[in-house]
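Accompanying notes for the structure given below.
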Amino acid sequence: MICTDWGIVRDKTPHVGMYVLGGKCHGVEDLPAEERILKLLRNGVNQFGGLDEREKVDLAYRIGCERYGKEAMDALLSLSAYKLLLNLFRLGLFENPYLDVEESKAIVGSRELVLKGVEAQKKSPVLLKNKGVLPLKKGSKVYVPTRHVESHYSFVRMKTKPQDIDPVPDALLGRHFTRVATPEEADAALVFVASPRGRNGYEFDMMNRAPQPEAGYYPISLQYRPYTAEHARKVSLAGGDPREESMNRSYRGKTEVSANESDLDLVLEARRRMGGKPVIVVVRMDKPAVVREFEPSADAILADFGVSRSVILDVLTGDAPPQGKLPVILPADMETVETHCEDLVTDILPYTDSEGNTYALGFGLQYE
């Protein structure tokens with residue numbers, strides 16, 4: 001069953017923001033919405049995302065009947081109805097539409113299924129580096145610095161507020177370790193960081209619906225320190241959306257600053273204050289990161305992709321030995337990211353750490 005993206009048959013509206021749902025009728029701007037709908041139906045589309053104007057679909061149907069015959073149009077719509085309803089029938093929503101609340105409560109959030117979810121999470125974290133400091137002995141005194149993240153754009157371009165983050169609640173940490181206030185008191189430092197966060201590749205004034213002087217495309221940086229895109233393309237491969245001032249989307253020469261640059265400082269400061277005692281970095285990755293900035297200062301590095309902190313602590317103590325493998329390449333630097341071929345996966349130079357580990361696709365250590 002094929003469903004379009006949202007707002008695909010709407011007219012394009014210049015300068016209303018890069019994330020407004022609409023303005024995607026590329027190549028058929030000259031056609032009215034009903035003609036766009038008819039063209040999509042005849043090309044195999046079964047459902048229109050975000051379209052709530054029934055009359056336009058009815059009009060497309062009538063035009064199709066006149067142009068291609070009622071039998072052909074009925075066949076198209078019947079096939080779409082079949083595909084849409086089939087999913088509902090498979091769920092039993094027609095044969096047995098009424099929920100048994102007690103049965104639902106026994107399934108949703110049941111201990112058995114929650115434990116299966118936890119077991120799946122335990123297979124996910126990837127051990128990148130370990131200089132013999134993991135697994136960490138239970139009851140160890142650990143220093144866990146507070147993170148600070150500056151204001152930045154979320155995935156859907158909503159502006160966040162600056163925030164200080166305690167990575168692990170006391171109650172949870174206390175099940176495994178003893179929290180201490182300073183590195184000097186600690187047996188080890190647990191430094192929780194995340195992939196660098198920027199402006200998601202574009203700068204736009206969402207409040208005024210108008211470009212700022214510094215508006216336009218920006219590099220998506222994978223490093224913590226400010227990054228200037230010296231090796232990006234001079235001319236982009238594509239461009240020309242009516243909401244853009246230029247056909248060239250290149251961001252060459254522009255600088256991106258990470259909202260969580262201080263994550264890097266947490267690691268470096270922990271290394272300085274811990275002296276020869278272990279510094280363990282747990283990095284949450286929603287995208288790859290240039291880990292060369294902090295790797296030499298870490299005795300162990302564990303990467304996770306959104307699993308619960310409880311699972312992370314189980315991995316650190318050996319209750320759940322690490323099994324995960326990297327699903328991406330962690331690049332040696334941003335130059336290899338900028339110069340790689342966009343349609344190739346493995347032409348990015350992976351980072352090799354101080355222990356000789358190469359963070360390539362499929363890499364992952366185990367304790368033994």
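FYI, nothing fancy with the structure tokens labels: chains A, B, ... in order, residues from 1 per chain, ligands from 1 as they appear.
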**Request:** Check segment 154-277 of chain A with DSSP on the backbone and list each residue it calls alpha helix (DSSP H), as a PyMOL selection string.
**Result:** chain A and resi 170-173+262-274
Would you mind exporting the chosen residues as a short mmCIF file (atom, residue, chain, number, x, y, z; two decimals), in the first residue's frame, restricted to N, CA and C atoms?
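Ended up saving to selection10.cif:
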data_model
loop_
_atom_site.label_atom_id
_atom_site.label_comp_id
_atom_site.auth_asym_id
_atom_site.auth_seq_id
_atom_site.Cartn_x
_atom_site.Cartn_y
_atom_site.Cartn_z
N ASP A 170 20.12 9.51 40.67
CA ASP A 170 20.82 8.90 41.81
C ASP A 170 20.30 7.50 42.13
N ALA A 171 18.97 7.36 42.10
CA ALA A 171 18.38 6.07 42.47
C ALA A 171 18.85 4.96 41.55
N LEU A 172 18.94 5.26 40.25
CA LEU A 172 19.37 4.25 39.28
C LEU A 172 20.87 4.00 39.40
N LEU A 173 21.64 5.05 39.49
CA LEU A 173 23.09 4.89 39.60
C LEU A 173 23.46 4.11 40.86
N SER A 262 30.37 21.43 24.86
CA SER A 262 30.89 21.23 26.22
C SER A 262 30.99 19.75 26.58
N ASP A 263 30.32 18.85 25.83
CA ASP A 263 30.50 17.42 26.06
C ASP A 263 31.98 17.05 25.94
N LEU A 264 32.63 17.61 24.93
CA LEU A 264 34.05 17.35 24.74
C LEU A 264 34.86 17.86 25.94
N ASP A 265 34.50 19.04 26.42
CA ASP A 265 35.22 19.60 27.57
C ASP A 265 35.05 18.73 28.82
N LEU A 266 33.87 18.09 28.97
CA LEU A 266 33.66 17.20 30.11
C LEU A 266 34.67 16.07 30.11
N VAL A 267 34.92 15.49 28.94
CA VAL A 267 35.87 14.38 28.85
C VAL A 267 37.29 14.86 29.14
N LEU A 268 37.67 15.98 28.51
CA LEU A 268 39.03 16.49 28.69
C LEU A 268 39.28 16.89 30.14
N GLU A 269 38.27 17.51 30.77
CA GLU A 269 38.42 17.92 32.16
C GLU A 269 38.47 16.71 33.09
N ALA A 270 37.67 15.70 32.78
CA ALA A 270 37.71 14.47 33.59
C ALA A 270 39.07 13.82 33.50
N ARG A 271 39.64 13.79 32.31
CA ARG A 271 40.98 13.21 32.14
C ARG A 271 42.00 13.96 32.97
N ARG A 272 41.92 15.29 32.94
CA ARG A 272 42.89 16.10 33.66
C ARG A 272 42.78 15.88 35.16
N ARG A 273 41.56 15.83 35.67
CA ARG A 273 41.36 15.74 37.11
C ARG A 273 41.47 14.31 37.64
N MET A 274 41.21 13.33 36.79
CA MET A 274 41.29 11.94 37.24
C MET A 274 42.72 11.42 37.26
#
Secondary structure check, strand (DSSP E) residues of segment 139-343 of chain A, as a short mmCIF file (atom, residue, chain, number, x, y, z; two decimals) with N, CA and C atoms, in the first residue's frame:
data_model
loop_
_atom_site.label_atom_id
_atom_site.label_comp_id
_atom_site.auth_asym_id
_atom_site.auth_seq_id
_atom_site.Cartn_x
_atom_site.Cartn_y
_atom_site.Cartn_z
N LYS A 141 33.22 3.80 43.37
CA LYS A 141 32.88 5.22 43.52
C LYS A 141 33.09 5.91 42.17
N VAL A 142 32.02 6.51 41.64
CA VAL A 142 32.11 7.10 40.30
C VAL A 142 31.74 8.58 40.33
N TYR A 143 32.42 9.32 39.50
CA TYR A 143 32.12 10.74 39.28
C TYR A 143 31.39 10.86 37.94
N ARG A 147 25.91 17.41 32.24
CA ARG A 147 26.04 17.92 30.87
C ARG A 147 25.35 19.28 30.74
N HIS A 148 25.82 20.09 29.81
CA HIS A 148 25.14 21.33 29.45
C HIS A 148 24.96 21.36 27.94
N VAL A 149 23.74 21.64 27.51
CA VAL A 149 23.44 21.72 26.08
C VAL A 149 22.83 23.09 25.80
N GLN A 163 19.90 23.81 28.60
CA GLN A 163 19.56 22.97 29.74
C GLN A 163 20.79 22.27 30.31
N ASP A 164 20.74 22.05 31.61
CA ASP A 164 21.73 21.23 32.29
C ASP A 164 21.10 19.87 32.54
N ILE A 165 21.87 18.81 32.29
CA ILE A 165 21.32 17.46 32.30
C ILE A 165 22.14 16.57 33.22
N THR A 178 28.53 3.93 43.62
CA THR A 178 28.39 5.01 44.61
C THR A 178 28.81 6.32 43.95
N ARG A 179 27.86 7.28 43.89
CA ARG A 179 28.19 8.57 43.28
C ARG A 179 29.00 9.43 44.25
N VAL A 180 30.06 10.04 43.73
CA VAL A 180 30.84 11.00 44.51
C VAL A 180 30.84 12.34 43.78
N ALA A 188 36.53 5.95 39.35
CA ALA A 188 36.43 6.10 37.89
C ALA A 188 35.47 7.24 37.58
N ALA A 189 35.64 7.81 36.40
CA ALA A 189 34.72 8.84 35.91
C ALA A 189 33.84 8.22 34.83
N LEU A 190 32.52 8.43 34.96
CA LEU A 190 31.57 8.04 33.91
C LEU A 190 31.09 9.31 33.23
N VAL A 191 31.52 9.53 32.01
CA VAL A 191 31.20 10.76 31.30
C VAL A 191 30.20 10.42 30.19
N PHE A 192 28.98 10.90 30.35
CA PHE A 192 27.94 10.67 29.36
C PHE A 192 27.88 11.86 28.40
N VAL A 193 27.99 11.57 27.10
CA VAL A 193 27.94 12.61 26.08
C VAL A 193 26.99 12.15 24.97
N ALA A 194 26.81 13.01 23.97
CA ALA A 194 25.95 12.67 22.84
C ALA A 194 26.61 13.15 21.56
N TYR A 202 20.27 23.80 8.30
CA TYR A 202 19.64 24.97 7.68
C TYR A 202 19.34 26.02 8.75
N GLU A 203 19.53 27.28 8.41
CA GLU A 203 19.23 28.38 9.31
C GLU A 203 18.07 29.18 8.75
N GLY A 216 20.23 30.00 5.19
CA GLY A 216 20.65 29.10 4.14
C GLY A 216 21.20 27.81 4.69
N TYR A 217 21.82 27.04 3.83
CA TYR A 217 22.31 25.74 4.22
C TYR A 217 23.61 25.84 5.00
N TYR A 227 33.26 23.85 13.32
CA TYR A 227 33.70 23.23 12.06
C TYR A 227 33.39 24.16 10.89
N THR A 228 34.42 24.45 10.10
CA THR A 228 34.26 25.23 8.88
C THR A 228 34.40 24.30 7.68
N THR A 255 30.52 27.98 8.89
CA THR A 255 30.97 27.37 10.14
C THR A 255 29.77 26.94 10.97
N GLU A 256 29.83 25.73 11.48
CA GLU A 256 28.80 25.20 12.37
C GLU A 256 29.39 25.06 13.77
N VAL A 279 38.81 6.87 32.90
CA VAL A 279 37.77 7.74 32.36
C VAL A 279 36.99 6.92 31.33
N ILE A 280 35.72 6.72 31.62
CA ILE A 280 34.86 5.91 30.75
C ILE A 280 33.84 6.82 30.11
N VAL A 281 33.80 6.82 28.78
CA VAL A 281 32.88 7.69 28.03
C VAL A 281 31.76 6.85 27.45
N VAL A 282 30.53 7.28 27.70
CA VAL A 282 29.35 6.67 27.10
C VAL A 282 28.76 7.71 26.14
N VAL A 283 28.78 7.42 24.85
CA VAL A 283 28.34 8.38 23.85
C VAL A 283 27.04 7.90 23.19
N ARG A 284 25.99 8.70 23.34
CA ARG A 284 24.71 8.38 22.71
C ARG A 284 24.73 8.93 21.29
N ALA A 300 37.96 3.91 28.12
CA ALA A 300 36.96 3.04 27.53
C ALA A 300 35.88 3.91 26.90
N ILE A 301 35.32 3.42 25.79
CA ILE A 301 34.24 4.14 25.10
C ILE A 301 33.14 3.14 24.78
N LEU A 302 31.92 3.48 25.19
CA LEU A 302 30.76 2.66 24.88
C LEU A 302 29.77 3.53 24.11
N ALA A 303 29.35 3.06 22.94
CA ALA A 303 28.37 3.78 22.13
C ALA A 303 27.00 3.15 22.30
N ASP A 304 25.98 4.01 22.46
CA ASP A 304 24.62 3.49 22.52
C ASP A 304 23.73 4.30 21.60
#
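Nearest to Tyr68 of chain A of all the residues A:Lys287, A:Arg197, A:Lys138, A:Lys39 is A:Lys39, based on only C-alpha atoms.
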**Fill in**
Expressed in Å, the length from atom CA of Glu261 of chain A to atom CA of Tyr224 of chain A is 4.8 Å
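Take the candidates A:Tyr351, A:Lys12, A:Gln323, A:Thr339 and check each one against Glu29 of chain A using only C-alpha atoms; the shortest distance goes to A:Lys12.
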Sorted by chain and rising residue number, list the residues of segment 309-363 of chain A at most 7 Å from segment 114-134 of chain A (counting only C-alpha atoms), each with its closest atom pair and distance in Å to one decimal, as a Markdown table.
| residue | atom | partner | partner_atom | distance |
| --- | --- | --- | --- | --- |
| A:Val311 | CA | A:Lys122 | CA | 6.0 |
| A:Leu316 | CA | A:Leu134 | CA | 6.4 |
| A:Ala320 | CA | A:Lys122 | CA | 6.2 |
| A:Pro322 | CA | A:Leu127 | CA | 6.2 |
| A:Gln323 | CA | A:Lys123 | CA | 5.2 |
| A:Gly324 | CA | A:Val126 | CA | 4.5 |
| A:Lys325 | CA | A:Val126 | CA | 5.6 |
| A:Leu326 | CA | A:Val126 | CA | 6.5 |
**Message:** At a cut-off of 9 Å, using only C-alpha atoms, what residues contact Cys25 of chain A? Leave out same-chain residues fewer than 4 positions from it and give the result as number ranges by chain.
**Reply:** A: 7-12, 29, 36
Could you please take those selected residues and save all heavy atoms as an mmCIF file, in the first residue's frame?
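Output saved as part_21.cif:
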data_model
loop_
_atom_site.group_PDB
_atom_site.id
_atom_site.type_symbol
_atom_site.label_atom_id
_atom_site.label_comp_id
_atom_site.auth_asym_id
_atom_site.auth_seq_id
_atom_site.Cartn_x
_atom_site.Cartn_y
_atom_site.Cartn_z
ATOM 1 N N GLY A 7 1.101 16.582 2.170
ATOM 2 C CA GLY A 7 0.944 17.837 1.439
ATOM 3 C C GLY A 7 1.503 17.822 0.035
ATOM 4 O O GLY A 7 1.811 18.879 -0.512
ATOM 5 N N ILE A 8 1.610 16.647 -0.575
ATOM 6 C CA ILE A 8 2.314 16.564 -1.844
ATOM 7 C C ILE A 8 1.536 17.181 -3.012
ATOM 8 O O ILE A 8 2.118 17.555 -4.025
ATOM 9 C CB ILE A 8 2.684 15.096 -2.158
ATOM 10 C CG1 ILE A 8 3.782 15.042 -3.217
ATOM 11 C CG2 ILE A 8 1.462 14.293 -2.570
ATOM 12 C CD1 ILE A 8 4.410 13.688 -3.365
ATOM 13 N N VAL A 9 0.207 17.316 -2.902
ATOM 14 C CA VAL A 9 -0.566 17.883 -4.023
ATOM 15 C C VAL A 9 -0.876 19.359 -3.814
ATOM 16 O O VAL A 9 -1.543 19.979 -4.637
ATOM 17 C CB VAL A 9 -1.884 17.103 -4.245
ATOM 18 C CG1 VAL A 9 -1.587 15.647 -4.585
ATOM 19 C CG2 VAL A 9 -2.800 17.198 -3.036
ATOM 20 N N ARG A 10 -0.388 19.956 -2.723
ATOM 21 C CA ARG A 10 -0.630 21.377 -2.488
ATOM 22 C C ARG A 10 0.229 22.241 -3.410
ATOM 23 O O ARG A 10 1.288 21.834 -3.871
ATOM 24 C CB ARG A 10 -0.311 21.743 -1.034
ATOM 25 C CG ARG A 10 -1.255 21.144 -0.020
ATOM 26 C CD ARG A 10 -0.824 21.540 1.380
ATOM 27 N NE ARG A 10 -1.634 20.901 2.402
ATOM 28 C CZ ARG A 10 -1.352 20.912 3.685
ATOM 29 N NH1 ARG A 10 -0.269 21.539 4.111
ATOM 30 N NH2 ARG A 10 -2.133 20.309 4.566
ATOM 31 N N ASP A 11 -0.232 23.468 -3.628
ATOM 32 C CA ASP A 11 0.559 24.426 -4.396
ATOM 33 C C ASP A 11 1.802 24.812 -3.611
ATOM 34 O O ASP A 11 1.803 24.832 -2.381
ATOM 35 C CB ASP A 11 -0.263 25.688 -4.681
ATOM 36 C CG ASP A 11 -1.417 25.423 -5.636
ATOM 37 O OD1 ASP A 11 -1.285 24.514 -6.480
ATOM 38 O OD2 ASP A 11 -2.442 26.109 -5.523
ATOM 39 N N LYS A 12 2.843 25.137 -4.345
ATOM 40 C CA LYS A 12 4.052 25.640 -3.703
ATOM 41 C C LYS A 12 3.823 27.070 -3.244
ATOM 42 O O LYS A 12 3.230 27.876 -3.941
ATOM 43 C CB LYS A 12 5.227 25.598 -4.676
ATOM 44 C CG LYS A 12 5.698 24.184 -5.006
ATOM 45 C CD LYS A 12 6.944 24.223 -5.850
ATOM 46 C CE LYS A 12 7.481 22.813 -6.091
ATOM 47 N NZ LYS A 12 8.713 22.811 -6.891
ATOM 48 N N GLU A 29 3.630 21.846 -11.251
ATOM 49 C CA GLU A 29 3.132 23.072 -10.657
ATOM 50 C C GLU A 29 2.002 23.697 -11.478
ATOM 51 O O GLU A 29 1.149 24.419 -10.947
ATOM 52 C CB GLU A 29 4.267 24.096 -10.512
ATOM 53 C CG GLU A 29 5.364 23.685 -9.546
ATOM 54 C CD GLU A 29 6.508 22.928 -10.229
ATOM 55 O OE1 GLU A 29 6.299 22.412 -11.352
ATOM 56 O OE2 GLU A 29 7.595 22.868 -9.635
ATOM 57 N N ARG A 36 -3.239 16.596 -10.342
ATOM 58 C CA ARG A 36 -2.107 15.962 -9.658
ATOM 59 C C ARG A 36 -2.567 14.660 -8.989
ATOM 60 O O ARG A 36 -1.870 13.640 -9.041
ATOM 61 C CB ARG A 36 -1.518 16.907 -8.612
ATOM 62 C CG ARG A 36 -0.955 18.189 -9.185
ATOM 63 C CD ARG A 36 -0.655 19.192 -8.084
ATOM 64 N NE ARG A 36 -0.372 20.520 -8.626
ATOM 65 C CZ ARG A 36 -0.444 21.635 -7.926
ATOM 66 N NH1 ARG A 36 -0.783 21.593 -6.645
ATOM 67 N NH2 ARG A 36 -0.176 22.805 -8.495
#
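Of the residues under consideration (A:Ala60, A:Met285, A:Ala332, A:Val144), A:Ala60 shows the shortest atom-to-atom contact distance to Leu76 of chain A when counting only C-alpha atoms.
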**Item:** Atomic separation - atom CA of Ser80 of chain A relative to atom CA of Ile2 of chain A, Å
**Value:** 8.8 Å
